[in-house]
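Structure record follows, encoded as structure tokens.
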Amino acid sequence: MMVVRALGAILVAIILAPHVLATDVRFVGQGTFNISGAQVEVTFSRLQNFDQNTTSGTLYLQLWASPDNDPAGSGYELTPALNLSGFTGLGNGTLRPNAAFENITFSAPYTAPPQGSYHVFLVVFEFPNLNSFLDSAPAVNNPHQLGGTPGNTGGGGSNNLELDCLCSWSLNGGVLSIAAERVINNRSGGLSGTLKLKLWATETPYTGGTITGYVMGEVNLGQLAGGFFRGPIDQQVSYRRPPNGTYFVALTLTEFDGEDRTVDWVSFSNTHTVGGGAPPPPPPPPPPPSGSIDLGCPCTYRVSGDFVDLEVDELTNTRSTRSGSLRLELWATRQAYPGFGTITGTVFAQAVLDPLEGGFRYTDIDRSLVYNRPASGDYFVTLTVSEFTGTGWSIVGSVNFEGMLNAAPAPVPFPIITPGVGGGGGGSADLLFVLLMLGIGLRRKRFRFR
């Protein structure tokens with residue numbers, strides 16, 4: 001597992017040598033890229049064919065990290081090489097003489113390089129010469145720090161479940177705070193088993209495999225649908241005091257499949273010393289909350305391709321105390337939901353919100369969410385708001401929409417060629433990746449190309 005900061009940079013449109021020119025295709029203008037967990041979003045204002053007579057071959061874009069400021073040298077692929085026809089809808093991704101692609105926008109899976117300092121470039125390739133780029137747009141303020149967070153080490157997530165850090169913990173009396181950027185279910189569908197974050201005290205540094213020690217606290221995250229994530233996570237739990245001594249500390253993500261199995265982890269560089277004397281008393285139980293979480297409408301949703309646009313007028317915490325994490329879910333059901341009890345159906349879109357302080361509200365919520373397409377048919381639609389209580393999610397409000405959702409079959413993707421970069425000999429057949437922008441509840445810094 002790579003521990004990744006949310007970051008990006010400005011890219012500037014200049015030509016760097018050496019590279020082999022076939023068609024004279026160059027970047028013009030500026031754009032942005034934003035790395036957010038396992039996704040990277042890229043925009044660029046213009047890619048133009050300056051050749052007066054020749055139509056280009058099919059063009060590909062890729063985000064590239066070079067440790068020595070040479071995009072033609074060795075480095076790391078931060079994204080797959082992406083066929084322009086795949087995400088622009090512009091025919092076969094070629095450019096006629098003097099023509100240009102404008103306002104290019106795409107989202108792609110992000111692969112973190114080893115921790116270090118890198119120069120970042122957006123590069124363009126032309127088929128069939130896929131081993132040499134035509135032009136590059138280097139990031140302003142290069143180099144950038146990419147990869148793991150100093151001081152913490154992590155293990156690769158198994159079964160496509162991932163603990164995405166920055167992660168931290170702190171102890172205040174008998175209260176233990178456990179925080180993680182998010183937990184991701186990268187599976188294509190279905191539900192995970194029950195997930196938990198467990199903070200361990202161990203006598204030796206944990207480096208993976210079976211863990212032995214003392215669980216000082218744990219956070220129950222419930223189940224998580226494939227293709228979704230939960231976060232940011234920041235929970236306070238009771239501290240289970242280990243015997244006196246000095247311990248190494250690790251945070252594990254477990255999934256229940258008959259027993260809790262570790263699927264990902266992070267080890268912290270700091271140690272935890274437990275002194276003598278009696279253990280601190282447990283904290284008093286919190287008072288039961290009064291008031292409610294109110295869902296204020298008008299509320300609307302619209303399905304557009306692989307995304308759902310959700311708008312909610314406001315969400316208010318009328319209590320005097322802070323809520324748990326909140327979750328908006330759009331449900332497709334065969335029968336109309338009566339407004340109470342268990343709801344049965346398919347969650348076709350979901351947004352997770354940070355806890356809300358007492359007396360505060362979210363207003364003008366407007367989210368573009370991944371569409372989890374139900375089976376073909378007509379459905380009633382209900383929007384629910386749920387709160388995480390520490391042991392699970394509980395529905396605290398709902399609204400039913402008029403009209404039915406008609407779920408049509410998903411379109412069939414078509415194959416493209418994913419080229420290699422830098423001395424590698426061609427590309428391999430692959431399927432067009434689905435552009436998933438998991439933009440819910442992420443902390444981001446925006447950067448620009450110029």
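Letters A, B, ... mark the chains of the structure tokens in the order given; residue numbers begin at 1 per chain; ligand numbers begin at 1, in order shown.
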Selection near range 296-303 of chain A, 10 Å with only C-alpha atoms, sequence-local residues under 3 positions removed, as a VMD selection string: chain A and resid 293 306 to 316 330 348 to 349 361 to 371 373 381 383 397 to 401 405 to 407
Convert the current residue selection to file output with N, CA and C atoms, as a CSV table (one decimal), in the first residue's frame.
```
chain,number,residue,atom,x,y,z
A,293,ILE,N,-31.4,14.9,12.9
A,293,ILE,CA,-30.7,15.3,11.6
A,293,ILE,C,-31.9,15.5,10.6
A,306,ASP,N,-22.7,7.4,-16.7
A,306,ASP,CA,-22.1,6.6,-15.5
A,306,ASP,C,-22.2,7.4,-14.2
A,307,PHE,N,-22.9,8.5,-14.2
A,307,PHE,CA,-22.9,9.4,-13.0
A,307,PHE,C,-24.3,9.8,-12.7
A,308,VAL,N,-24.5,10.2,-11.4
A,308,VAL,CA,-25.7,10.7,-10.9
A,308,VAL,C,-25.5,12.0,-10.3
A,309,ASP,N,-26.2,13.0,-10.7
A,309,ASP,CA,-26.1,14.4,-10.1
A,309,ASP,C,-27.2,14.5,-9.0
A,310,LEU,N,-26.7,14.7,-7.7
A,310,LEU,CA,-27.6,14.8,-6.6
A,310,LEU,C,-27.5,16.2,-6.0
A,311,GLU,N,-28.7,16.8,-5.8
A,311,GLU,CA,-28.8,18.1,-5.2
A,311,GLU,C,-29.7,18.1,-4.0
A,312,VAL,N,-29.3,18.6,-2.8
A,312,VAL,CA,-30.1,18.6,-1.6
A,312,VAL,C,-30.0,20.0,-1.1
A,313,ASP,N,-31.1,20.6,-0.7
A,313,ASP,CA,-31.1,22.0,-0.3
A,313,ASP,C,-30.4,22.2,1.0
A,314,GLU,N,-30.6,21.4,2.0
A,314,GLU,CA,-29.9,21.5,3.2
A,314,GLU,C,-30.0,20.3,4.1
A,315,LEU,N,-29.0,20.1,5.0
A,315,LEU,CA,-29.0,19.0,6.0
A,315,LEU,C,-28.6,19.6,7.3
A,316,THR,N,-29.5,19.5,8.3
A,316,THR,CA,-29.3,20.3,9.5
A,316,THR,C,-29.2,19.3,10.7
A,330,LEU,N,-29.1,7.1,-2.5
A,330,LEU,CA,-30.2,7.0,-3.4
A,330,LEU,C,-30.5,5.5,-3.6
A,348,PHE,N,-28.0,3.1,-5.6
A,348,PHE,CA,-27.4,3.3,-6.9
A,348,PHE,C,-26.5,4.6,-6.9
A,349,ALA,N,-26.4,5.3,-5.8
A,349,ALA,CA,-25.5,6.4,-5.6
A,349,ALA,C,-25.4,6.7,-4.1
A,361,ARG,N,-25.5,23.3,9.8
A,361,ARG,CA,-26.1,22.6,8.6
A,361,ARG,C,-25.2,22.7,7.4
A,362,TYR,N,-25.4,21.7,6.5
A,362,TYR,CA,-24.9,21.7,5.2
A,362,TYR,C,-25.9,22.3,4.3
A,363,THR,N,-25.5,23.2,3.4
A,363,THR,CA,-26.5,23.9,2.5
A,363,THR,C,-26.0,23.7,1.1
A,364,ASP,N,-27.0,23.7,0.1
A,364,ASP,CA,-26.7,23.6,-1.3
A,364,ASP,C,-25.7,22.5,-1.6
A,365,ILE,N,-26.1,21.3,-1.2
A,365,ILE,CA,-25.3,20.1,-1.5
A,365,ILE,C,-25.5,19.8,-2.9
A,366,ASP,N,-24.4,19.6,-3.7
A,366,ASP,CA,-24.4,19.3,-5.1
A,366,ASP,C,-23.3,18.4,-5.4
A,367,ARG,N,-23.6,17.1,-5.6
A,367,ARG,CA,-22.5,16.1,-5.8
A,367,ARG,C,-22.8,15.4,-7.1
A,368,SER,N,-21.7,15.1,-7.9
A,368,SER,CA,-21.7,14.2,-9.0
A,368,SER,C,-21.1,12.8,-8.5
A,369,LEU,N,-22.0,11.8,-8.5
A,369,LEU,CA,-21.7,10.5,-7.9
A,369,LEU,C,-21.6,9.4,-8.9
A,370,VAL,N,-20.8,8.4,-8.6
A,370,VAL,CA,-20.8,7.2,-9.5
A,370,VAL,C,-22.1,6.5,-9.5
A,371,TYR,N,-22.6,6.1,-10.7
A,371,TYR,CA,-23.9,5.4,-10.8
A,371,TYR,C,-23.7,3.9,-10.7
A,373,ARG,N,-25.4,1.0,-11.3
A,373,ARG,CA,-26.6,0.6,-12.1
A,373,ARG,C,-27.3,-0.6,-11.6
A,381,VAL,N,-37.8,5.5,-6.2
A,381,VAL,CA,-36.6,6.1,-5.7
A,381,VAL,C,-36.8,6.8,-4.4
A,383,LEU,N,-34.4,8.8,-1.3
A,383,LEU,CA,-33.2,9.4,-0.7
A,383,LEU,C,-33.2,9.2,0.8
A,397,GLY,N,-33.5,9.9,8.3
A,397,GLY,CA,-34.4,10.7,7.5
A,397,GLY,C,-34.5,10.2,6.1
A,398,SER,N,-35.6,10.5,5.4
A,398,SER,CA,-35.8,10.0,4.1
A,398,SER,C,-36.8,10.9,3.3
A,399,VAL,N,-36.7,10.8,2.0
A,399,VAL,CA,-37.7,11.4,1.1
A,399,VAL,C,-37.9,10.6,-0.1
A,400,ASN,N,-39.2,10.4,-0.5
A,400,ASN,CA,-39.5,9.6,-1.7
A,400,ASN,C,-39.7,10.6,-2.9
A,401,PHE,N,-39.2,10.2,-4.1
A,401,PHE,CA,-39.3,11.0,-5.3
A,401,PHE,C,-40.5,10.5,-6.1
A,405,LEU,N,-37.6,5.3,-11.7
A,405,LEU,CA,-36.3,5.2,-12.3
A,405,LEU,C,-36.3,4.0,-13.3
A,406,ASN,N,-36.0,4.3,-14.5
A,406,ASN,CA,-35.9,3.2,-15.5
A,406,ASN,C,-34.4,2.9,-15.7
A,407,ALA,N,-34.0,1.7,-15.2
A,407,ALA,CA,-32.6,1.3,-15.3
A,407,ALA,C,-32.4,0.4,-16.5
```
DSSP on the backbone, strand (DSSP E or B) only: what residues of range 43-244 of chain A does that give? Format it as a ChimeraX atom specification. /A:43-49,59-66,76-77,82-83,100-109,116-126,129-139,144-146,152-155,161-172,175-185,191,195-202,214-222,225,229-230,233-238
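Within 6 Å of range 95-111 of chain A, once only C-alpha atoms are used and residues closer than 2 positions along the same chain are dropped, the contacting residues are Ala38, Gln39, Val40, Glu41, Val42, Thr43, Phe44, Ser45, Arg46, Leu47, Gln48, Asn49, Phe50, Asp51, Gln52, Asn53, Thr54, Thr55, Ser56, Leu78, Thr79 and Leu435 of chain A.
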Applying 10 Å and only C-alpha atoms, which residues near Thr273 in chain A remain after dropping the ones on its own chain fewer than 2 positions away? List them as a PyMOL selection string. chain A and resi 201+242-248+270-271+275-276
What does the file look like for those residues with C-alpha atoms, as an mmCIF file, in the first residue's frame?
```
data_model
loop_
_atom_site.group_PDB
_atom_site.id
_atom_site.type_symbol
_atom_site.label_atom_id
_atom_site.label_comp_id
_atom_site.auth_asym_id
_atom_site.auth_seq_id
_atom_site.Cartn_x
_atom_site.Cartn_y
_atom_site.Cartn_z
ATOM 1 C CA ALA A 201 0.453 -2.321 20.579
ATOM 2 C CA PRO A 242 -2.007 -2.885 27.621
ATOM 3 C CA PRO A 243 0.399 -4.039 30.387
ATOM 4 C CA ASN A 244 3.217 -1.672 31.382
ATOM 5 C CA GLY A 245 5.962 -1.378 28.807
ATOM 6 C CA THR A 246 7.011 0.337 25.592
ATOM 7 C CA TYR A 247 5.273 -0.787 22.399
ATOM 8 C CA PHE A 248 5.378 -0.304 18.658
ATOM 9 C CA ASN A 270 6.468 6.524 17.167
ATOM 10 C CA THR A 271 6.278 4.133 20.128
ATOM 11 C CA GLY A 275 3.670 3.532 32.761
ATOM 12 C CA GLY A 276 2.974 2.050 36.212
#
```
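CA of Leu221 in chain A is found 22.2 Å from CA of Arg241 in chain A.
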Per-residue nearest contacts of range 227-275 of chain A to range 189-196 of chain A (6 Å; only C-alpha atoms) as CSV:
```
residue,atom,partner,partner_atom,distance
A:Leu253,CA,A:Lys196,CA,5.7
A:Thr254,CA,A:Lys196,CA,5.3
A:Glu255,CA,A:Leu195,CA,4.6
A:Phe256,CA,A:Gly193,CA,5.0
```
Selection above as a file: N, CA and C atoms, as a short mmCIF file (atom, residue, chain, number, x, y, z; two decimals), in the first residue's frame:
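And here is the file that came out, result_23.cif:
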```cif
data_model
loop_
_atom_site.label_atom_id
_atom_site.label_comp_id
_atom_site.auth_asym_id
_atom_site.auth_seq_id
_atom_site.Cartn_x
_atom_site.Cartn_y
_atom_site.Cartn_z
N LEU A 253 -6.50 -2.85 8.95
CA LEU A 253 -7.85 -2.94 8.41
C LEU A 253 -8.20 -4.41 8.29
N THR A 254 -9.29 -4.82 8.92
CA THR A 254 -9.69 -6.23 8.89
C THR A 254 -11.05 -6.37 8.22
N GLU A 255 -11.27 -7.54 7.63
CA GLU A 255 -12.56 -7.90 7.05
C GLU A 255 -13.03 -9.21 7.68
N PHE A 256 -14.31 -9.27 8.05
CA PHE A 256 -14.84 -10.47 8.68
C PHE A 256 -15.33 -11.44 7.62
#
```
Report, in Å with one decimal, the straight-line distance from CA of Ala65 in chain A to CA of Gln30 in chain A. 18.4 Å
